[in-house]
Amino acid sequence: ACGSDEEADTGSDEGSTGGGEGTEETSDFKVAMVTDTGGVDDKSFNQSAWEGLQQFGADNGLEEGTDGYTYFQSNNDADYVTNMNTAVRNDFDLVFGIGFLLNQAITDVASQNPDTNFALVDDVSEGDNVASITFKEHEGSFLVGVAAGMATESDQIGFVGGVESDLINKFAAGFQAGVEAVNPDADVQIEFAGDFNDAAGGQQIAASMYGSGIDVIYHAAGGTGNGVFTEAKNLKQQDPDRQVWVIGVDRDQWEEGQVGDDNVTLTSMVKRVDVAVQDISTRAMEGDFPGGEVIEYGIQEEGIAIAESQDNLSQEILDEIANYKQQIVDGEIEVPSTLE
Amino acid sequence: MDVLTAFEILVKSMLFASAPLIFTALGGVFSERSGVVNIGLEGLMVIGAFAAVVFNITFASALGGATPWVALLIAMIIGGLFSLLHAVASVSFRADQVVSGVAINFLALGLGVYLIKDWYGAGQTPKIPVPFYYERIPLLYDIPIIGPILFNNYLTSYLAIFVAIIAWFVLFKTPFGLRLRSVGEHPMAADTMGINVFKMRYIAVVLSGVFGGLGGGVYAQTITQDFSAGTITGQGFIALAAVIFGKWHPLGAMGAALFFGLAQSLAIIGSSFPLLADVPNWILLSAPYILTILALAGFIGRADAPKANGQPYIKGSR
Amino acid sequence: MDYVIEMLDIRKEFPGIVANDNITLQLKKGEIHALLGENGAGKSTLMNVLFGLYQPEKGEIKVRGEKVKITSPNVANDLGIGMVHQHFMLVDTFTVTENIVLGMEPKKGINIDLKRAEREVQEISDRYGLKVDPKARIADISVGMQQRVEILKTLYRGAEILIFDEPTAVLTPQEIKELIQIFRTLIAEGKSIILITHKLKEIIEVCDRVTVIRKGVGIDTLDVEGTTPTQLASLMVGREVTFKTDKTDSNPKHSVLEITKLNVKDSRGVNAVKDLDLSVRAGEIVGIAGVDGNGQSELIEAITGLRKVTSGKIELNGKDLSSYKTRKITEAGVGHIPQDRHKHGLVLDFPIGDNMVLQTYYHKPYSKYSLLNNKEINKQAKKLIQEFDVRTPSEQTPARALSGGNQQKAIIGREVDRDPDLLIAAQPTRGLDVGAIEFIHKRLIEQRDNGKAVLLVSFELEEIINVSDRIAVIYDGNIIEIVDPKTTTEQELGLLMAGSKNKAGETENV
Amino acid sequence: MFNQFSRWQKILIPVISVILGLIVGAIVMLVSGYNPIEGYTALLSGSLGEGFYIGETVRQITPYIFAGLAVAFAFRTGLFNIGVEGQLLVGWVASVWVGLAFDLPKVIHLPMAILAGAVAGALWAFIPGLLKAKLRVHEVIVTIMMNYIALHLCNYLVRYVISDEQNTTDRVPESASLKSPFFETLTEFSTMHYGIFLALAAAIIYFVVLEKTTTGFELRSVGFNQHASEYAGMNVNRNIILSMVISGAFAGLGGAMEGLGTFGYGFIHGAFSGVGFDGIAVALLGGNVASGIILAAALFGILKQGALIMPLQSGVPTELVEIVIAIIIFFVASSYIIAYLLQRLRKGAK
Ligand SMILES: Nc1ncnc2c1ncn2[C@@H]1O[C@H](COP(=O)(O)OP(=O)(O)OP(=O)(O)O)[C@@H](O)[C@H]1O
Ligand SMILES: Nc1ncnc2c1ncn2[C@@H]1O[C@H](COP(=O)(O)OP(=O)(O)OP(=O)(O)O)[C@@H](O)[C@H]1O
Ligand SMILES: [Mg+2]
Ligand SMILES: [Mg+2]
């Protein structure tokens with residue numbers, strides 16, 4: 001799939017042992033993932049990862065459960081290590097840790113279990129048997145920034161983050177750069193709710209932003225983002241002619257924006273954790289596990305994209321996005337990944 | 001942002017953020033006025049949110065525009081039924097009321113999420129099809145200046161204020177209220193006056209369930225629009241704080257809830273003022289909580305709970 | 001016979017105890033019938049049975065000749081039975097009217113018709129001369145007034161038979177006089193009354209007949225006319241009781257407590273003690289006589305460090321205590337038997353043993369290096385229980401489980417055992433039976449005889465006169481007169497307490 | 001709260017409650033189509049089935065003991081500390097901070113870092129204590145509010161003060177770590193650390209301070225009856241503050257266990273950990289006495305840890321455990337009715 005390395009088969013001998021040549025039929029490769037506290041149905045990257053794993057299972061005739069593929073849900077930060085270990089103890093060949101919160105846990109458990117392969121999503125861990133999967137969220141954010149910059153009528157744009165962190169800053173930085181690229185006059189206001197689960201706070205921030213003239217808000221705030229959609233939908237419902245847009249995050253949030261016959265979701269920045277999960281799983285199964293490497297999924301690797309629901313984007317915007325997308329792929333534009 | 005807009009947003013977000021707290025706090029007032037401590041408000045909100053969302057999703061196609069209202073009704077009924085557990089434990093079984101309240105919180109969240117997983121195969125429901133939307137109140141909205149500020153909000157926000165006034169009337173102007181309060185102050189005296197202490201307490205606790213359910217239903221149908229373990233995260237405790245802050249008075253509790261909503265929106269709006277731009281983020285985020293503590297320490301001070309609050313009534317003892 | 005109430009062979013058991021063992025009580029119409037017995041004899045229980053709060057195991061009740069089952073206070077109310085409880089059943093935060101109409105509120109639409117209720121309360125109050133303000137809050141009115149509210153509650157419900165459980169224990173002499181007047185009015189209106197009291201003189205003064213019970217068993221019912229207090233007392237206790245407390249003349253020595261120009265504010269910030277001077281000497285008991293609310297509580301609280309002194313001096317053996325904290329004052333040699341034993345005297349949920357060392361737990365031998373020595377604590381408790389005849393299953397029993405009399409004995413034991421130079425006793429015998437009272441008086445006098453100073457505050461003139469060596473009359477925050485108990489009468493004292501210094505005037509009604 | 005019950009009742013009631021809770025849990029599983037035996041087997045094997053799981057369970061029990069002690073201590077002195085969650089958080093961050101800021105030999109460094117946790121928790125609880133004592137402000141509100149403030153403050157500290165704008169701090173050095181290679185080997189790489197010994201020691205301290213010292217005598221006395229305590233010469237306000245401070249110190253220590261043991265670092269929290277709230281249940285289930293708290297914490301640890309593996313091995317959602325816990329608490333709360341039924345049973349047997 002992705003045009004990088006080919007070597008690195010450190011300790012991945014059992015990666016495809018029994019399977020041998022017959023990749024088509026059932027292999028005894030086993031793969032598991034450990035969620036962060038968001039849970040497997042967080043409508044965000046945990047869910048996306050799980051969808052990837054399910055797809056991988058289906059493609060390779062694996063069974064859901066201890067003998068094929070499964071997930072472990074963490075209810076608490078302290079559960080990561082337990083879940084990682086449970087996966088190891090159940091002889092899973094490859095264990096994904098979903099989210100940067102699992103970094104320390106995966107680093108520890110990986111060093112204790114050199115015979116198992118691990119993959120960490122969203123952060124970088126050291127260790128020969130750990131593959132680090134990161135995404136170039138700033139690139140995707142740049143593209144939706146382009147959309148925002150062009151769609152805005154007021155030249156005022158908002159960004160709502162959950163809790164301030166490197167990861168969320170990446171979204172903000174790329175977004176800001178994208179807006180800047182197409183609409184230097186536009187202002188991007190960045191706010192953090194301090195919480196990923198405060199829908200009321202999200203709605204209040206959105207009310208404040210829309211009230212002050214902002215007409216496009218990009219959120220990277222999980223459950224707090226629910227409130228952003230709520231506010232936008234309310235405004236739209238009341239005044240269908242008013243321009244209010246939300247840009248979704250992580251997956252296609254079109255459904256969230258539906259209000260009567262209108263939809264307030266301008267577009268979404270999609271992070272294809274599923275693609276990455278399938279990719280890494282396949283490589284591990286084929287004995288090509290990229291242990292010790294950092295694999296960045298960006299636009300080029302199809303790990304980052306604009307949502308498929310594009311009804312609210314004009315052709316002009318779509319063209320511009322395609323244009324910038326090409327420039328990013330070609331390396332003509334270096335999207336910043338940190339603020340300032 | 002000009003002052004008027006800022007003000008409009010301030011008031012608007014205060015109103016919608018407070019409404020669920022007002023309802024729930026009113027429930028707390030009823031319960032505690034009858035002498036039953038209720039730290040299970042959080043759980044009652046959870047169960048209300050759960051019921052409203054599930055109902056909304058299930059019956060939206062059949063009920064159309066009336067769905068969220070009927071869902072509220074269902075949330076009230078389910079909340080009331082659920083609170084019966086607290087009533088049985090703390091009134092009939094002489095349970096430690098704090099303990100029983102803690103159990104309510106655990107049970108509501110556990111049961112709610114368990115059932116969601118069982119029914120929807122996910123830890124989170126889909127979005128509700130028919131949420132509440134802001135409404136412009138006819139005529140009032142047209143009043144210059146204050147119209148748009150005050151009269152463009154969820155109907156439930158006005159309902160909350162209206163219900164608080166009703167609650168005040170019921171509690172302080174009717175025989176029922178007098179009896180309920182007497183049971184919370186001196187149950188034995190009430191008993192000797194022929195008032196059925198147990199019955200009054202049952203009614204009060206069930207009312208707290210009804211109101212808590214309503215609060216949760218409103219929160220879920222106005223703000224989050226779905227249900228998961230993360231829907232109600234501490235709002236019930238804030239409502240409990242509002243009960244005490246408001247000195248166990250319906251209008252006081254309403255005021256406290258509004259204050260809280262205001263502090264929260266101030267904190268949010270504040271960050272867009274250049275003046276406050278240099279204030280560390282955590283202070284702005286904590287502002288509502290800090291302001292509440294300051295308000296209590298500064299000018300509210302001590303509050304006396306109903307005298308028999310927290311004590312099971314045991315007939316024939318003193 | 002036209003009995004309005006007949007309680008026949010009533011038996012009521014509590015876990016492990018028979019509170020009423022086949023007691024019979026018959027009440028004639030229009031009489032005041034006394035129910036007499038020691039603490040814990042079962043009087044309240046019997047009356048609670050009559051009022052429907054308890055169900056008897058056995059026996060029958062007839063009201064106006066008809067057999068009835070009184071299953072709840074509601075039923076009692078309907079039968080015209082009203083009860084004024086030993087511990088008031090009033091909601092502090094409510095107004096007088098609200099308390100009275102509670103449960104039977106007149107309505108206008110769905111509102112309470114407060115106007116009408118207040119008018120009705122006023123009417124009944126006027127009719128029986130009760131003089132209550134329907135709009136006042138219970139928390140703001142005097143204990144005597146609260147009791148009248150209790151009476152009004154029964155009258156508002158149309159009670160024909162009124163039960164009074166120890167109504168006079170908490171009243172000032174003046175208030176008792178007024179209450180007796182109210183009794184007479186009630187009887188004149190055709191009501192009948194059952195009266196529980198430990199004050200034998202009252203019985204003889206107002207009652208027609210008396211039923212005596214002892215340890216749950218009915219002893220006798222007799223006409224009051226012709227009986228004497230001594231007779232009644234021995235009937236009740238089952239042995240001879242002496243009334244006049246035996247004591248020799250006092251032999252006062254140096255001054256122990258010396259108060260000069262003391263000013264103290266009450267909780268509302270009003271001056272309650274004003275330029276007060278007082279001295280108590282070693283080897284004497286000074287009684288403070290006064291109507292409740294004339295600064296007695298504030299005075300005691302000031303001496304014991306519980307209330308801030310605005311100005312003035314409180315010297316104990318020459319050392320000024322006025323700025324000391326309670327603990328230092330205690331250590332300086334002050335003992336305090338507080339007026340409210342439940343609220344201030346004991347930690348009811350602590351075992352009686354721990355209560356015995358409530359001020360001394362941090363001293364040797366009860367603790368060492370901050371560690372409690374439970375063996376010593378229990379040893380001390382056992383000693384006091386023995387010495388002061390505290391009836392309790394063990395020193396581990398929570399104080400809550402003891403009867404009022406025994407709780408009081410425990411407190412007195414604790415305070416006396418510390419052997420303080422100054423012992424302050426506030427209402428030490430309130431609500432206790434004659435046997436217990438006798439015991440406590442003896443202990444106070446013993447303390448005096450050991451050369452200690454004793455300050456006694458009481459609303460009971462008889463107690464003051466019997467026990468004190470000097471009587472200081474307090475009025476409006478000031479000691480207005482010091483009198484010799486041997487040469488004074490209750491009559492005189494009553495006048496002084498009403499503030500009429502040296503001038504014999506009409507002080508009848510307040 | 002079992003004051004009115006006899007000794008055997010005090011022991012029997014929680015046991016019966018636990019059994020009833022498990023029965024109700026089984027019924028819930030049956031009704032929703034799971035096999036309760038499988039469910040509970042999974043739960044047990046996931047908490048006690050192997051050395052590793054025992055290690056993790058013990059690790060989970062550690063903060064529960066501290067949180068339970070914290071809530072219980074306040075309870076016993078008449079105060080309701082809902083702020084354990086926040087006190088735990090500040091204790092966590094403070095201990096990590098000290099762990100990272102100094103370079104000292106272990107004998108000094110580790111105790112200092114642990115102490116920092118206790119002090120931070122104590123300070124955080126001092127505020128509601130002071131407000132209660134001086135201004136009669138209800139501690140329930142203040143502690144609830146302080147939880148949120150702690151969350152935001154700690155996130156800020158982790159990001160901008162202790163780390164260089166990172167999501168997590170560095171790991172504390174070995175000299176300030178509670179991690180135990182010995183236990184890790186023994187339990188096949190569980191995160192069990194030395195904190196459990198501190199927790200047990202804390203329970204003993206709790207018992208001694210409360211039941212055996214003059215300070216505890218005062219605290220309990222004030223808890224039961226402020227007026228009588230004041231009359232007996234105790235300083236009520238001082239005791240209220242002291243009680244909150246000690247309670248907060250226990251909570252802060254619980255945080256230090258997480259910061260120096262379980263995790264070994266601090267990180268940005270998107271929400272509360274829940275340990276503090278669980279502490280309320282632990283305290284109440286344990287009857288607010290030290291031995292009870294240890295047992296209750298153990299039960300909680302077992303249930304919570306075992307729950308993780310239930311979905312995998314039996315399909316039962318983890319939330320079942322919350323339901324079971326809730327039911328257990330209910331029955332403990334309703335101990336009067338159980339005692340009553342026990343008495344009836346006994347009589348019937350005679
Ligand atoms: N609720 C109760 N539960 C158990 N025992 C009780 C209860 N009430 C009273 N008793 C017992 O019944 C006996 C009678 O108590 P009661 O209160 O009737 O005494 P009393 O004559 O009114 O005493 P006093 O003069 O002190 O008021 C007591 O010895 C007590 O042990
Ligand atoms: N609920 C109860 N359970 C057990 N015993 C009780 C209860 N209520 C009262 N008693 C018992 O009743 C007895 C007498 O109580 P009572 O309160 O009538 O005494 P008292 O001297 O009148 O006290 P007080 O002065 O406070 O009225 C005591 O022995 C007490 O143990
Ligand atoms: Mg009595
Ligand atoms: Mg009595």
# chains A, B, ... in the order shown; residues from 1 in each chain; ligands from 1
>>> interface_residues(of="chain D", to="chain A", cutoff="9 Å", atoms="only C-alpha atoms", output="MDAnalysis selection string")
chainID D and resid 46 52:53 56 60 152 155:156 159 165:168 189:191 258 262:263 267:271 273:274 305 308:309 311:313 318
>>> residues_near_ligand(ligand="ligand 1", cutoff="10 Å", atoms="only C-alpha atoms and all ligand atoms", output="PyMOL selection string")
(chain B and resi 314-318) or (chain C and resi 12-20+35-49+54+86-87+165-166+196-198+213-216+401-406+431-433)
>>> closest_residue(among="A:Gln278, A:Ser268, A:Gln327, A:Gln54", to="A:Ala147", atoms="only C-alpha atoms")
A:Ser268
>>> residues_around(residues="A:Gly211", least_positions_apart="6", cutoff="8 Å", atoms="only C-alpha atoms", output="list in words")
Thr5, Ala6 and Ile9 of chain B
>>> residues_around(residues="D:Ala249", least_positions_apart="3", cutoff="12 Å", atoms="only C-alpha atoms", output="JSON, numbers by chain")
{"D": [66, 67, 69, 70, 71, 73, 74, 83, 84, 86, 87, 88, 89, 90, 91, 92, 114, 115, 116, 117, 118, 119, 120, 121, 122, 123, 124, 125, 126, 202, 206, 242, 243, 244, 245, 246, 252, 253, 254, 255, 256]}
>>> interface_residues(of="chain C", to="chain D", cutoff="10 Å", atoms="only C-alpha atoms", output="VMD selection string")
chain C and resid 301 304 to 306 325 to 331 335 to 338 340 to 350 354 to 355 357 to 363 366 to 374 398
>>> interface_residues(of="chain D", to="chain B", cutoff="8 Å", atoms="only C-alpha atoms", output="PyMOL selection string")
chain D and resi 1+32+131+135-138+140-142+144-146+148-149+152-153+155-156+280-281+284+317-323+325-327+329-330+333-337
>>> atom_distance(atom1="atom CA of B:Ser208", atom2="atom CA of B:Ile116")
24.1 Å
>>> select_by_dssp(residues="stretch 62-288 of chain B", states="strand (DSSP E or B)", output="number ranges by chain")
B: 124, 135-136, 152-153, 228
>>> write_last_selection(atoms="N, CA and C atoms", output="PDB file, in the first residue's frame")
ATOM      1  N   GLN B 124     -22.984   4.157  22.765  1.00  0.00           N
ATOM      2  CA  GLN B 124     -23.478   5.499  22.473  1.00  0.00           C
ATOM      3  C   GLN B 124     -24.683   5.340  21.559  1.00  0.00           C
ATOM      4  N   GLU B 135     -36.550  28.739  20.103  1.00  0.00           N
ATOM      5  CA  GLU B 135     -37.805  29.316  19.603  1.00  0.00           C
ATOM      6  C   GLU B 135     -37.799  30.813  19.902  1.00  0.00           C
ATOM      7  N   ARG B 136     -38.319  31.563  18.959  1.00  0.00           N
ATOM      8  CA  ARG B 136     -38.541  32.974  19.257  1.00  0.00           C
ATOM      9  C   ARG B 136     -39.941  33.079  19.839  1.00  0.00           C
ATOM     10  N   ASN B 152     -35.300  34.326  22.887  1.00  0.00           N
ATOM     11  CA  ASN B 152     -34.940  33.438  21.797  1.00  0.00           C
ATOM     12  C   ASN B 152     -34.146  32.286  22.390  1.00  0.00           C
ATOM     13  N   ASN B 153     -34.862  31.280  22.847  1.00  0.00           N
ATOM     14  CA  ASN B 153     -34.196  30.201  23.553  1.00  0.00           C
ATOM     15  C   ASN B 153     -35.075  28.957  23.493  1.00  0.00           C
ATOM     16  N   SER B 228     -24.742   8.645  26.189  1.00  0.00           N
ATOM     17  CA  SER B 228     -23.615   7.753  26.414  1.00  0.00           C
ATOM     18  C   SER B 228     -23.159   7.964  27.848  1.00  0.00           C
TER      19      SER B 228
END
>>> select_by_dssp(residues="stretch 70-258 of chain B", states="helix (DSSP H, G or I)", output="ChimeraX atom specification")
/B:70-92,97-120,140-142,146-150,155-173,175-185,187-192,197-224,235-245,250-258
>>> atom_distance(atom1="atom 10 (N, counted along the ligand's line) of ligand 2", atom2="atom CA of C:Gln146")
24.4 Å
>>> interface_residues(of="chain B", to="chain A", cutoff="6 Å", atoms="only C-alpha atoms", output="PyMOL selection string")
chain B and resi 1+9+13+122-123+133-134+223-224+230
